[in-house]
>>> print(open('final-v5.txt').read())   # compact mmCIF, C-alpha atoms
# COMPACT_ATOMS: atom_id res chain seq x y z
CA MET W 280 72.65 -25.86 67.83
CA GLN W 281 71.88 -29.17 66.15
CA ILE W 282 75.37 -30.53 66.86
CA LEU W 283 74.97 -29.97 70.60
CA LYS W 284 71.53 -31.55 70.49
CA ASP W 285 72.94 -34.61 68.71
CA PHE W 286 75.92 -34.77 71.07
CA SER W 287 73.60 -34.80 74.08
CA LYS W 288 72.32 -38.18 72.79
CA GLU W 289 75.78 -39.80 72.84
CA TYR W 290 74.77 -41.89 75.84
CA SER W 291 77.56 -44.43 75.39
CA LEU W 292 80.17 -41.70 75.78
CA PHE W 293 78.65 -40.36 78.97
CA LEU W 294 78.26 -43.88 80.37
CA ALA W 295 81.90 -44.63 79.52
CA ILE W 296 83.07 -41.51 81.38
CA ILE W 297 81.00 -42.44 84.45
CA ALA W 298 82.32 -46.02 84.33
CA TYR W 299 85.92 -44.82 84.01
CA PHE W 300 85.82 -42.57 87.07
CA GLY W 301 83.73 -45.03 89.07
CA ILE W 302 85.91 -48.07 88.37
CA SER W 303 89.14 -46.05 88.75
CA HIS W 304 88.04 -44.89 92.19
CA PHE W 305 87.23 -48.40 93.44
CA GLU W 306 89.85 -50.29 91.39
CA HIS W 307 92.13 -51.20 94.29
CA THR W 308 89.17 -52.47 96.30
CA LEU W 309 87.72 -54.49 93.43
CA VAL W 310 90.96 -56.25 92.42
CA GLY W 311 91.36 -57.55 95.96
CA SER W 312 88.57 -60.10 95.69
CA THR W 313 87.19 -62.63 93.21
CA TYR W 314 83.75 -61.02 93.07
CA GLY W 315 85.31 -57.59 92.73
CA ASN W 316 87.32 -58.71 89.70
CA LEU W 317 84.24 -60.28 88.12
CA LEU W 318 82.17 -57.16 88.79
CA GLY W 319 84.82 -54.81 87.40
CA PHE W 320 85.37 -57.01 84.35
CA GLY W 321 81.63 -57.36 83.68
CA ILE W 322 80.89 -53.64 83.95
CA LEU W 323 83.81 -52.61 81.75
CA PHE W 324 83.09 -55.30 79.15
CA VAL W 325 79.46 -54.18 78.80
CA VAL W 326 80.42 -50.50 78.62
CA ILE W 327 83.09 -51.18 76.00
CA ILE W 328 80.64 -53.19 73.88
CA TYR W 329 78.15 -50.30 74.19
CA SER W 330 80.88 -47.90 73.08
CA ALA W 331 81.64 -50.25 70.20
CA MET W 332 78.01 -49.92 69.12
CA SER W 333 78.60 -46.17 68.96
CA VAL W 334 81.58 -46.83 66.69
CA ALA W 335 79.31 -48.92 64.47
CA HIS W 336 76.68 -46.17 64.34
CA HIS W 337 79.07 -43.40 63.35
CA ALA W 338 80.83 -45.64 60.84
CA GLU W 339 77.44 -46.50 59.29
CA MET W 340 76.61 -42.81 58.95
CA LEU W 341 79.92 -42.22 57.17
CA ALA W 342 79.22 -45.27 54.99
CA GLU W 343 75.88 -43.77 53.93
CA LYS W 344 77.55 -40.45 53.27
CA PHE W 345 80.42 -41.75 51.14
CA GLY W 346 79.07 -45.07 49.85
CA GLU W 347 80.92 -48.33 49.26
CA PRO W 348 83.65 -49.39 49.60
CA TYR W 349 84.63 -46.29 51.63
CA GLY W 350 82.08 -46.96 54.35
CA THR W 351 83.17 -50.49 55.19
CA LEU W 352 86.82 -49.45 54.90
CA ILE W 353 86.23 -46.81 57.57
CA LEU W 354 84.46 -49.38 59.76
CA THR W 355 87.12 -52.09 59.41
CA ILE W 356 90.01 -49.70 60.03
CA SER W 357 88.21 -48.34 63.11
CA ALA W 358 87.72 -51.87 64.44
CA VAL W 359 91.35 -52.80 63.76
CA ILE W 360 92.58 -49.68 65.57
CA VAL W 361 90.48 -50.71 68.58
CA GLU W 362 91.99 -54.18 68.36
CA ILE W 363 95.58 -52.91 68.11
CA VAL W 364 95.09 -50.57 71.07
CA ILE W 365 93.69 -53.35 73.28
CA ILE W 366 96.33 -55.92 72.20
CA VAL W 367 99.20 -53.52 72.91
CA ILE W 368 97.76 -52.62 76.31
CA MET W 369 97.24 -56.27 77.26
CA MET W 370 100.70 -57.24 75.96
CA THR W 371 102.32 -54.72 78.29
CA HIS W 372 100.33 -56.08 81.26
CA ALA W 373 100.33 -59.82 80.57
CA HIS W 374 103.77 -60.22 78.92
CA ASN W 375 102.34 -63.13 76.95
CA PRO W 376 104.22 -63.68 73.63
CA GLU W 377 101.27 -65.61 72.13
CA LEU W 378 98.57 -63.05 72.98
CA ALA W 379 98.81 -61.16 69.67
CA ARG W 380 98.81 -64.40 67.67
CA ASP W 381 95.79 -65.79 69.51
CA THR W 382 93.90 -62.51 69.13
CA ILE W 383 94.57 -62.26 65.38
CA TYR W 384 93.57 -65.91 64.94
CA SER W 385 90.41 -65.35 67.02
CA ALA W 386 89.53 -62.23 65.02
CA VAL W 387 89.79 -64.10 61.70
CA MET W 388 87.64 -66.94 63.05
CA LEU W 389 85.11 -64.48 64.45
CA ASP W 390 84.92 -62.35 61.29
CA ILE W 391 84.75 -65.08 58.64
CA ASN W 392 83.02 -67.93 60.48
CA GLY W 393 81.05 -66.08 63.16
CA LEU W 394 80.09 -62.77 61.58
CA LEU W 395 79.78 -63.93 57.97
CA GLY W 396 78.15 -67.19 58.99
CA ILE W 397 75.45 -65.54 61.11
CA ALA W 398 74.79 -62.84 58.48
CA ALA W 399 74.48 -65.43 55.68
CA ILE W 400 72.06 -67.51 57.78
CA ILE W 401 69.88 -64.49 58.59
CA GLY W 402 69.94 -63.22 55.01
CA GLY W 403 69.34 -66.69 53.61
CA ILE W 404 66.30 -67.26 55.80
CA LYS W 405 64.81 -63.95 54.72
CA TYR W 406 65.80 -63.81 51.03
CA GLY W 407 66.88 -67.33 50.03
CA GLU W 408 69.99 -66.26 48.14
CA GLN W 409 71.84 -62.95 48.39
CA PRO W 410 74.01 -61.72 45.52
CA TYR W 411 77.41 -60.02 45.77
CA ASN W 412 80.38 -59.33 43.50
CA VAL W 413 82.46 -62.49 43.35
CA ASP W 414 85.57 -60.48 42.40
CA SER W 415 85.61 -59.00 45.90
CA SER W 416 85.61 -62.36 47.72
CA ASN W 417 88.29 -63.73 45.40
CA SER W 418 90.50 -60.69 46.01
CA TYR W 419 90.10 -60.79 49.78
CA LEU W 420 90.68 -64.54 50.08
CA SER W 421 93.81 -64.57 47.90
CA MET W 422 95.28 -61.73 49.98
CA LEU W 423 94.38 -63.50 53.23
CA LEU W 424 95.96 -66.74 52.06
CA VAL W 425 99.24 -65.00 51.20
CA ALA W 426 99.33 -62.77 54.31
CA ILE W 427 98.51 -65.50 56.86
CA GLY W 428 100.87 -67.93 55.14
CA ILE W 429 103.78 -65.49 55.22
CA ALA W 430 103.38 -64.17 58.76
CA MET W 431 101.87 -67.03 60.74
CA VAL W 432 102.78 -70.31 58.99
CA LEU W 433 106.11 -69.72 57.25
CA PRO W 434 108.01 -68.80 60.47
CA GLU W 435 107.71 -72.44 61.55
CA PHE W 436 109.99 -73.38 58.67
CA ILE W 437 112.57 -70.63 59.22
CA ASP W 438 115.65 -70.97 61.39
CA PRO W 439 114.90 -69.25 64.76
CA VAL W 440 118.12 -67.25 64.34
CA TYR W 441 116.45 -65.29 61.54
CA HIS W 442 113.01 -64.84 63.16
CA ASN W 443 113.52 -61.25 64.30
CA ARG W 444 114.92 -60.23 60.93
CA PHE W 445 112.04 -61.96 59.16
CA MET W 446 109.44 -60.20 61.34
CA MET W 447 110.89 -56.76 60.56
CA PHE W 448 110.86 -57.76 56.88
CA ASN W 449 107.17 -58.62 57.30
CA VAL W 450 106.46 -55.10 58.62
CA VAL W 451 107.68 -53.59 55.34
CA VAL W 452 105.96 -56.21 53.18
CA PHE W 453 102.60 -55.96 54.95
CA VAL W 454 102.47 -52.17 54.91
CA PHE W 455 103.29 -52.31 51.19
CA LEU W 456 100.60 -54.95 50.60
CA TYR W 457 97.95 -52.95 52.46
CA VAL W 458 98.77 -49.71 50.62
CA ILE W 459 98.60 -51.46 47.24
CA PHE W 460 95.39 -53.32 48.11
CA THR W 461 93.71 -50.17 49.42
CA ARG W 462 94.67 -48.29 46.25
CA VAL W 463 93.21 -51.10 44.13
CA GLN W 464 90.07 -51.15 46.29
CA LEU W 465 89.44 -47.41 46.11
CA THR W 466 90.63 -46.51 42.61
CA SER W 467 91.63 -48.84 39.79
CA HIS W 468 89.39 -51.81 40.71
CA LYS W 469 86.80 -50.15 42.90
CA TYR W 470 84.05 -51.97 40.98
CA PHE W 471 85.36 -55.29 42.36
CA PHE W 472 84.00 -54.31 45.78
CA GLU W 473 80.62 -52.97 44.67
CA TYR W 474 77.37 -54.68 43.83
CA LYS W 475 74.78 -52.47 42.20
CA SER W 476 71.13 -53.34 42.71
CA ALA W 477 68.48 -52.53 40.11
CA GLU W 478 67.67 -49.32 42.02
CA GLU W 479 71.30 -48.21 41.98
CA LYS W 480 71.69 -49.02 38.29
CA ALA W 481 68.58 -46.96 37.54
CA CYS W 482 70.09 -44.15 39.56
CA GLU W 483 73.23 -44.23 37.40
CA GLU W 484 71.07 -44.03 34.27
CA GLY W 485 69.74 -40.63 35.25
CA GLU W 486 66.88 -41.25 37.67
CA ILE W 487 66.66 -39.48 41.03
CA CYS W 488 69.34 -40.78 43.40
CA LYS W 489 69.35 -40.81 47.15
CA THR W 490 71.76 -38.31 48.64
CA HIS W 491 72.53 -37.59 52.25
CA PRO W 492 73.35 -33.90 52.64
CA GLU W 493 71.89 -34.03 56.16
CA ILE W 494 74.71 -36.28 57.39
CA ASN W 495 77.47 -34.26 59.03
CA ALA W 496 80.63 -36.18 58.14
CA TRP W 497 82.87 -34.15 60.48
CA TYR W 498 80.57 -34.75 63.45
CA HIS W 499 80.44 -38.52 62.93
CA ALA W 500 84.18 -38.76 62.18
CA ALA W 501 85.01 -36.86 65.39
CA ASN W 502 82.72 -39.05 67.48
CA LEU W 503 84.18 -42.13 65.84
CA VAL W 504 87.68 -41.10 66.94
CA ILE W 505 86.46 -40.16 70.45
CA SER W 506 84.73 -43.55 70.84
CA ILE W 507 87.91 -45.40 69.83
CA ILE W 508 89.97 -43.38 72.33
CA VAL W 509 87.43 -44.09 75.07
CA ILE W 510 87.53 -47.83 74.31
CA GLY W 511 91.32 -47.77 74.50
CA ILE W 512 91.28 -46.03 77.90
CA LEU W 513 88.70 -48.45 79.32
CA ALA W 514 90.57 -51.41 77.83
CA GLU W 515 93.64 -50.57 79.89
CA ILE W 516 91.64 -51.01 83.10
CA LEU W 517 89.79 -54.02 81.65
CA SER W 518 93.12 -55.80 81.03
CA VAL W 519 93.83 -55.75 84.78
CA PHE W 520 90.48 -57.33 85.71
CA MET W 521 90.64 -59.78 82.80
CA GLY W 522 94.13 -60.97 83.74
CA ASN W 523 93.16 -61.39 87.39
CA THR W 524 89.94 -63.23 86.53
CA LEU W 525 91.68 -65.68 84.18
CA GLU W 526 94.37 -66.30 86.80
CA ILE W 527 91.86 -66.85 89.61
CA TYR W 528 89.92 -69.49 87.66
CA GLY W 529 93.00 -70.98 85.98
CA LEU W 530 91.65 -70.26 82.50
CA PRO W 531 93.90 -70.04 79.42
CA MET W 532 94.97 -66.61 78.18
CA ALA W 533 93.46 -67.57 74.82
CA ILE W 534 90.06 -66.71 76.32
CA GLY W 535 91.34 -63.18 76.88
CA ALA W 536 92.36 -63.08 73.22
CA VAL W 537 88.83 -64.11 72.22
CA GLY W 538 87.47 -61.33 74.44
CA VAL W 539 89.65 -58.79 72.63
CA ALA W 540 88.44 -60.11 69.27
CA ILE W 541 84.78 -59.86 70.37
CA ILE W 542 85.23 -56.26 71.52
CA SER W 543 86.92 -55.17 68.30
CA ALA W 544 84.46 -57.09 66.09
CA ALA W 545 81.32 -55.85 67.86
CA PRO W 546 80.81 -52.80 65.57
CA GLU W 547 81.34 -54.98 62.50
CA LEU W 548 78.93 -57.68 63.70
CA ILE W 549 76.17 -55.15 64.36
CA THR W 550 76.64 -53.49 60.96
CA ALA W 551 76.89 -56.81 59.10
CA VAL W 552 73.66 -58.20 60.59
CA ARG W 553 71.83 -54.99 59.65
CA ALA W 554 73.24 -55.21 56.12
CA ALA W 555 72.14 -58.86 55.78
CA VAL W 556 68.61 -57.95 56.90
CA ASP W 557 68.57 -55.17 54.28
CA ASN W 558 69.78 -57.60 51.57
CA ARG W 559 73.19 -55.91 51.23
CA MET W 560 75.44 -58.97 51.17
CA GLN W 561 78.20 -57.04 49.43
CA THR W 562 78.55 -54.92 52.54
CA VAL W 563 78.74 -58.08 54.67
CA ILE W 564 81.47 -59.54 52.44
CA ASN W 565 83.43 -56.29 52.54
CA ILE W 566 83.15 -56.11 56.33
CA ALA W 567 83.89 -59.76 57.18
CA LEU W 568 86.70 -60.45 54.73
CA GLY W 569 87.96 -56.86 54.75
CA ALA W 570 88.19 -56.83 58.54
CA SER W 571 90.08 -60.13 58.54
CA LEU W 572 92.53 -58.81 55.98
CA ALA W 573 92.98 -55.50 57.80
CA THR W 574 93.54 -57.39 61.07
CA VAL W 575 96.35 -59.43 59.53
CA LEU W 576 97.97 -56.68 57.44
CA LEU W 577 97.77 -53.91 60.06
CA THR W 578 97.80 -55.61 63.45
CA ILE W 579 100.82 -57.80 62.74
CA PRO W 580 103.15 -54.90 61.78
CA ALA W 581 101.88 -52.88 64.75
CA VAL W 582 102.57 -55.59 67.34
CA ILE W 583 105.95 -56.41 65.77
CA VAL W 584 107.06 -52.78 66.02
CA VAL W 585 105.72 -52.39 69.57
CA SER W 586 107.32 -55.63 70.78
CA TYR W 587 110.63 -54.65 69.18
CA PHE W 588 110.86 -51.21 70.78
CA MET W 589 109.54 -52.40 74.15
CA GLY W 590 111.79 -55.45 74.22
CA MET W 591 108.90 -57.91 74.51
CA GLU W 592 108.98 -61.47 73.20
CA LEU W 593 106.55 -62.15 70.33
CA ASN W 594 105.42 -65.43 68.78
CA LEU W 595 103.14 -65.23 65.74
CA SER W 596 103.48 -68.86 64.56
CA LEU W 597 100.16 -70.70 64.58
CA THR W 598 99.79 -73.92 66.54
CA PRO W 599 98.95 -77.09 64.50
CA THR W 600 95.30 -76.84 65.62
CA GLN W 601 95.09 -73.15 64.67
CA THR W 602 96.74 -73.89 61.31
CA MET W 603 94.16 -76.57 60.56
CA MET W 604 91.26 -74.30 61.53
CA ILE W 605 92.59 -71.44 59.39
CA ALA W 606 93.15 -73.84 56.47
CA LEU W 607 89.61 -75.24 56.79
CA THR W 608 88.14 -71.74 56.99
CA LEU W 609 89.95 -70.48 53.89
CA LEU W 610 89.26 -73.69 51.93
CA VAL W 611 85.53 -73.61 52.73
CA SER W 612 85.45 -69.89 51.92
CA MET W 613 87.05 -70.44 48.51
CA VAL W 614 84.46 -73.12 47.72
CA ASN W 615 81.46 -71.18 49.06
CA PHE W 616 82.30 -67.71 47.76
CA ASN W 617 82.98 -68.50 44.12
CA ASP W 618 79.49 -68.12 42.66
CA GLY W 619 78.40 -64.61 43.67
CA GLU W 620 75.54 -65.71 45.97
CA THR W 621 75.25 -66.78 49.60
CA ASN W 622 72.62 -69.02 51.18
CA VAL W 623 71.68 -70.62 54.49
CA LEU W 624 73.82 -73.72 53.93
CA GLU W 625 76.98 -71.70 53.32
CA GLY W 626 76.30 -69.62 56.39
CA PHE W 627 75.63 -72.73 58.47
CA LEU W 628 78.94 -74.33 57.44
CA HIS W 629 80.88 -71.29 58.55
CA PHE W 630 78.92 -71.06 61.78
CA ILE W 631 79.75 -74.71 62.55
CA LEU W 632 83.44 -73.89 62.11
CA PHE W 633 82.96 -71.02 64.55
CA VAL W 634 81.35 -73.38 67.09
CA VAL W 635 84.33 -75.74 66.72
CA PHE W 636 86.71 -72.82 67.24
CA ALA W 637 84.84 -71.81 70.42
CA PHE W 638 84.99 -75.39 71.71
CA LEU W 639 88.73 -75.70 71.05
CA VAL W 640 89.44 -72.57 73.11
CA PHE W 641 88.65 -74.62 76.24
CA VAL W 642 90.47 -77.79 75.12
>>> encode(input="final-v5.txt", output="structure tokens")
Amino acid sequence: MQILKDFSKEYSLFLAIIAYFGISHFEHTLVGSTYGNLLGFGILFVVIIYSAMSVAHHAEMLAEKFGEPYGTLILTISAVIVEIVIIVIMMTHAHNPELARDTIYSAVMLDINGLLGIAAIIGGIKYGEQPYNVDSSNSYLSMLLVAIGIAMVLPEFIDPVYHNRFMMFNVVVFVFLYVIFTRVQLTSHKYFFEYKSAEEKACEEGEICKTHPEINAWYHAANLVISIIVIGILAEILSVFMGNTLEIYGLPMAIGAVGVAIISAAPELITAVRAAVDNRMQTVINIALGASLATVLLTIPAVIVVSYFMGMELNLSLTPTQTMMIALTLLVSMVNFNDGETNVLEGFLHFILFVVFAFLVFV
């Protein structure tokens, strides 16, 4: 059967299974030494990134099957699920109240400044300017401004007595916001998140359109779910090696948060770079800004609920440095993404902000 033949090429899945049993067997030996922790962490990190590439592949196949904005929505939700799983696992091991905040902050920096910056530079070098629908960037940025302001800035100005009540209120508000935004994105204002090229417009006018009946949606959806589950299982072991490694070298836990953000953003980064090379900047915008929005609107309620039921302390308030970096990122984004075209300069500005973010992790 064709399905079995295709499944036999899922090398990342087989490698992940081998890594799981191998590392599990030698886990107690590895955690006992510095080199063992580094080896275990390195192997698991590489395998998880490889599995994340599988997530990107299957999400891309579904994107081709269903078109925009469904494809990028599938990809961003998949990445956010990976992120939530890893954050929850690491929260239970590290008991660090700032871990979720630092991971969400890192994910936004990575998506908007890293991912979008690199994609815009690559696309700008190859095409000069790349068009997209400006309504999409405006919608994403306004939602991000409201969501981050409510959940991660406003708590600093609220009496600590009411923090828990306010966080549970945020769960309801954010779920409501995401449901409404998703409905707008997929139905009433779907055209906000689409950019039709001349070829696609000709297709709508009656010419022969590209279809993909050969893509098995059920096969790719199933493998997408399996890959996410595998990443979650490996992440639980990774959290042990990561925590030990950071403790051995006296490094801040924020580096662990960046590692979580990199793992969850890997499928998006791969897909975005491919889209930029193919002159599909609308896909890049949907991935970068959509992933940031999904991270804020979905991850925050998830970690609030988990911390509440598990009795863990949670702090989502941004530090002054993080607040300034988020403000700079959103301000530059509003200036850059208001004309419907990206170029090298815009990409470079965002990439510089990403470099500053990376530097500040160690300060």
>>> residues_around(input="final-v5.txt", residues="Val504 of chain W", least_positions_apart="2", cutoff="12 Å", atoms="all atoms listed in the file", output="JSON, numbers by chain")
{"W": [292, 330, 331, 333, 334, 335, 337, 338, 353, 354, 356, 357, 358, 360, 361, 497, 498, 499, 500, 501, 502, 506, 507, 508, 509, 510, 511]}
>>> write_last_selection(input="final-v5.txt", atoms="C-alpha atoms", output="PDB file, in the frame of the given file")
ATOM      1  CA  LEU W 292      80.170 -41.700  75.780  1.00  0.00           C
ATOM      2  CA  SER W 330      80.880 -47.900  73.080  1.00  0.00           C
ATOM      3  CA  ALA W 331      81.640 -50.250  70.200  1.00  0.00           C
ATOM      4  CA  SER W 333      78.600 -46.170  68.960  1.00  0.00           C
ATOM      5  CA  VAL W 334      81.580 -46.830  66.690  1.00  0.00           C
ATOM      6  CA  ALA W 335      79.310 -48.920  64.470  1.00  0.00           C
ATOM      7  CA  HIS W 337      79.070 -43.400  63.350  1.00  0.00           C
ATOM      8  CA  ALA W 338      80.830 -45.640  60.840  1.00  0.00           C
ATOM      9  CA  ILE W 353      86.230 -46.810  57.570  1.00  0.00           C
ATOM     10  CA  LEU W 354      84.460 -49.380  59.760  1.00  0.00           C
ATOM     11  CA  ILE W 356      90.010 -49.700  60.030  1.00  0.00           C
ATOM     12  CA  SER W 357      88.210 -48.340  63.110  1.00  0.00           C
ATOM     13  CA  ALA W 358      87.720 -51.870  64.440  1.00  0.00           C
ATOM     14  CA  ILE W 360      92.580 -49.680  65.570  1.00  0.00           C
ATOM     15  CA  VAL W 361      90.480 -50.710  68.580  1.00  0.00           C
ATOM     16  CA  TRP W 497      82.870 -34.150  60.480  1.00  0.00           C
ATOM     17  CA  TYR W 498      80.570 -34.750  63.450  1.00  0.00           C
ATOM     18  CA  HIS W 499      80.440 -38.520  62.930  1.00  0.00           C
ATOM     19  CA  ALA W 500      84.180 -38.760  62.180  1.00  0.00           C
ATOM     20  CA  ALA W 501      85.010 -36.860  65.390  1.00  0.00           C
ATOM     21  CA  ASN W 502      82.720 -39.050  67.480  1.00  0.00           C
ATOM     22  CA  SER W 506      84.730 -43.550  70.840  1.00  0.00           C
ATOM     23  CA  ILE W 507      87.910 -45.400  69.830  1.00  0.00           C
ATOM     24  CA  ILE W 508      89.970 -43.380  72.330  1.00  0.00           C
ATOM     25  CA  VAL W 509      87.430 -44.090  75.070  1.00  0.00           C
ATOM     26  CA  ILE W 510      87.530 -47.830  74.310  1.00  0.00           C
ATOM     27  CA  GLY W 511      91.320 -47.770  74.500  1.00  0.00           C
TER      28      GLY W 511
END
>>> closest_residue(input="final-v5.txt", among="W:Tyr457, W:Phe320, W:Tyr299, W:Phe472", to="Gly535 of chain W", atoms="all atoms listed in the file")
W:Phe320
>>> residues_around(input="final-v5.txt", residues="segment 522-528 of chain W", least_positions_apart="3", cutoff="12 Å", atoms="only C-alpha atoms", output="PyMOL selection string")
chain W and resi 309-321+368-375+378+514-519+531-536+538
>>> residues_near_point(input="final-v5.txt", point="(98.9, -63.4, 65.8)", cutoff="8 Å", atoms="all atoms listed in the file", output="number ranges by chain")
W: 377-384, 431, 575, 579, 594-597
>>> atom_distance(input="final-v5.txt", atom1="atom CA of Met388 of chain W", atom2="atom CA of Phe633 of chain W")
6.4 Å
>>> closest_residue(input="final-v5.txt", among="W:Ala399, W:Ala295, W:Val387, W:Val325", to="Asn558 of chain W", atoms="all atoms listed in the file")
W:Ala399
>>> closest_atom_pairs(input="final-v5.txt", of="segment 533-638 of chain W", to="segment 446-452 of chain W", cutoff="10 Å", atoms="all atoms listed in the file", output="CSV")
residue,atom,partner,partner_atom,distance
W:Leu576,CA,W:Val450,CA,8.7
W:Leu577,CA,W:Val450,CA,8.9
W:Thr578,CA,W:Val450,CA,9.9
W:Ile579,CA,W:Val450,CA,7.5
W:Pro580,CA,W:Val450,CA,4.6
W:Ala581,CA,W:Val450,CA,8.0
W:Val582,CA,W:Val450,CA,9.6
W:Ile583,CA,W:Met446,CA,6.8
W:Val584,CA,W:Met447,CA,7.8
W:Tyr587,CA,W:Met447,CA,8.9
W:Leu593,CA,W:Met446,CA,9.6
W:Asn594,CA,W:Met446,CA,9.9
W:Leu595,CA,W:Met446,CA,9.2
>>> write_last_selection(input="final-v5.txt", atoms="C-alpha atoms", output="tab-separated table (two decimals), keeping the file's coordinate frame")
chain	number	residue	atom	x	y	z
W	576	LEU	CA	97.97	-56.68	57.44
W	577	LEU	CA	97.77	-53.91	60.06
W	578	THR	CA	97.80	-55.61	63.45
W	579	ILE	CA	100.82	-57.80	62.74
W	580	PRO	CA	103.15	-54.90	61.78
W	581	ALA	CA	101.88	-52.88	64.75
W	582	VAL	CA	102.57	-55.59	67.34
W	583	ILE	CA	105.95	-56.41	65.77
W	584	VAL	CA	107.06	-52.78	66.02
W	587	TYR	CA	110.63	-54.65	69.18
W	593	LEU	CA	106.55	-62.15	70.33
W	594	ASN	CA	105.42	-65.43	68.78
W	595	LEU	CA	103.14	-65.23	65.74
>>> atom_distance(input="final-v5.txt", atom1="atom CA of Lys469 of chain W", atom2="atom CA of Ala606 of chain W")
28.0 Å
>>> atom_distance(input="final-v5.txt", atom1="atom CA of Ala554 of chain W", atom2="atom CA of Gly346 of chain W")
13.3 Å
>>> residues_around(input="final-v5.txt", residues="Ile541 of chain W", least_positions_apart="6", cutoff="10 Å", atoms="all atoms listed in the file", output="list in words")
Ile328, Glu362, Thr382, Ser385, Ala386, Leu389, Asp390, Gly535, Glu547 and Leu548 of chain W
>>> closest_residue(input="final-v5.txt", among="W:Ile542, W:Val552, W:Leu639, W:Met560", to="Ile366 of chain W", atoms="only C-alpha atoms")
W:Ile542
